[in-house]
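Asks: Structure in structure tokens, see below.
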Amino acid sequence: MDIFGMQFNLINIIISTFIFGIGVDYSIFVMNGLIGQPENNHLLAYHKTAILFSAFVLVVTVGSMLFAQHPAIRSVGLATLTGLLSAVVLSYVLQPAIYRAFRFGRPSSPRFSSDGSSIGSSAGSSIGSSAGSSM
């Protein structure tokens, strides 16, 4: 807000919670699409299309506030538009990049041995029994 020479007021703070909620919703939809991709390759595209239409309607609606003569209404419009566009960019670009970096960036360690038993279970039991015997 300081970049645009605007100060926070009560209405802008209330609008910030609204934008935070929309950003969380967008992030939930994108994460659902990312997690569901192995079963349905089109799920992420469907969610991103829904987010795009939702954001478009809100940008047009809130963008009209920028043409208001009253400075408070213009301030609310600018704050909402800035937060909304940030939420869309974060959910479209940053969230999938972070997900893919954590998902595919490092090799996953096997959790089970070839016989089906947990790898950590035998080590954990021997550690626990040796600690119990020394006391």
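Order determines the names: the first chain of the structure tokens is A, the second B, and so forth; residues in each chain are numbered 1 upward, and ligands are numbered 1 upward as they are shown.
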Find the residues around Ala72 (chain A) up to 12 Å (only C-alpha atoms counted), leave out those fewer than 6 positions away in its own chain, and share them as a list in words.
Replies: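 After dropping sequence-adjacent residues, the list is Met6, Gln7, Phe8, Asn9, Leu10, Ile11, Asn12, Met65, Leu66, Leu78 and Ala79 of chain A.
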Asks: For region 84-99 of chain A, work out the shell of residues within 8 Å, counting only C-alpha atoms and skipping chain neighbours fewer than 6 positions away, then give it as number ranges by chain.
Replies: A: 19-20, 22-23, 26-27, 30-31, 34, 48, 51, 55, 59
Asks: Fewer than 5 positions away in the same chain doesn't count, so skip those; otherwise give me all residues within 12 Å of Tyr46 (chain A), counting only C-alpha atoms, as a VMD selection string.
Replies: chain A and resid 29 to 30 32 to 34 36 to 37 40 to 41 51 to 53
Asks: Using only C-alpha atoms, can you tell me which of A:Ala45, A:Ala68, A:Ala101, A:Ile13 comes closest to Gly83 (chain A)?
Replies: A:Ile13
Asks: So which one's closest to Gly63 (chain A), A:Ile35, A:Leu81, A:Ile3, A:Ala50? Using only C-alpha atoms, please.
Replies: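 For Gly63 (chain A), the nearest of the given residues is A:Leu81.
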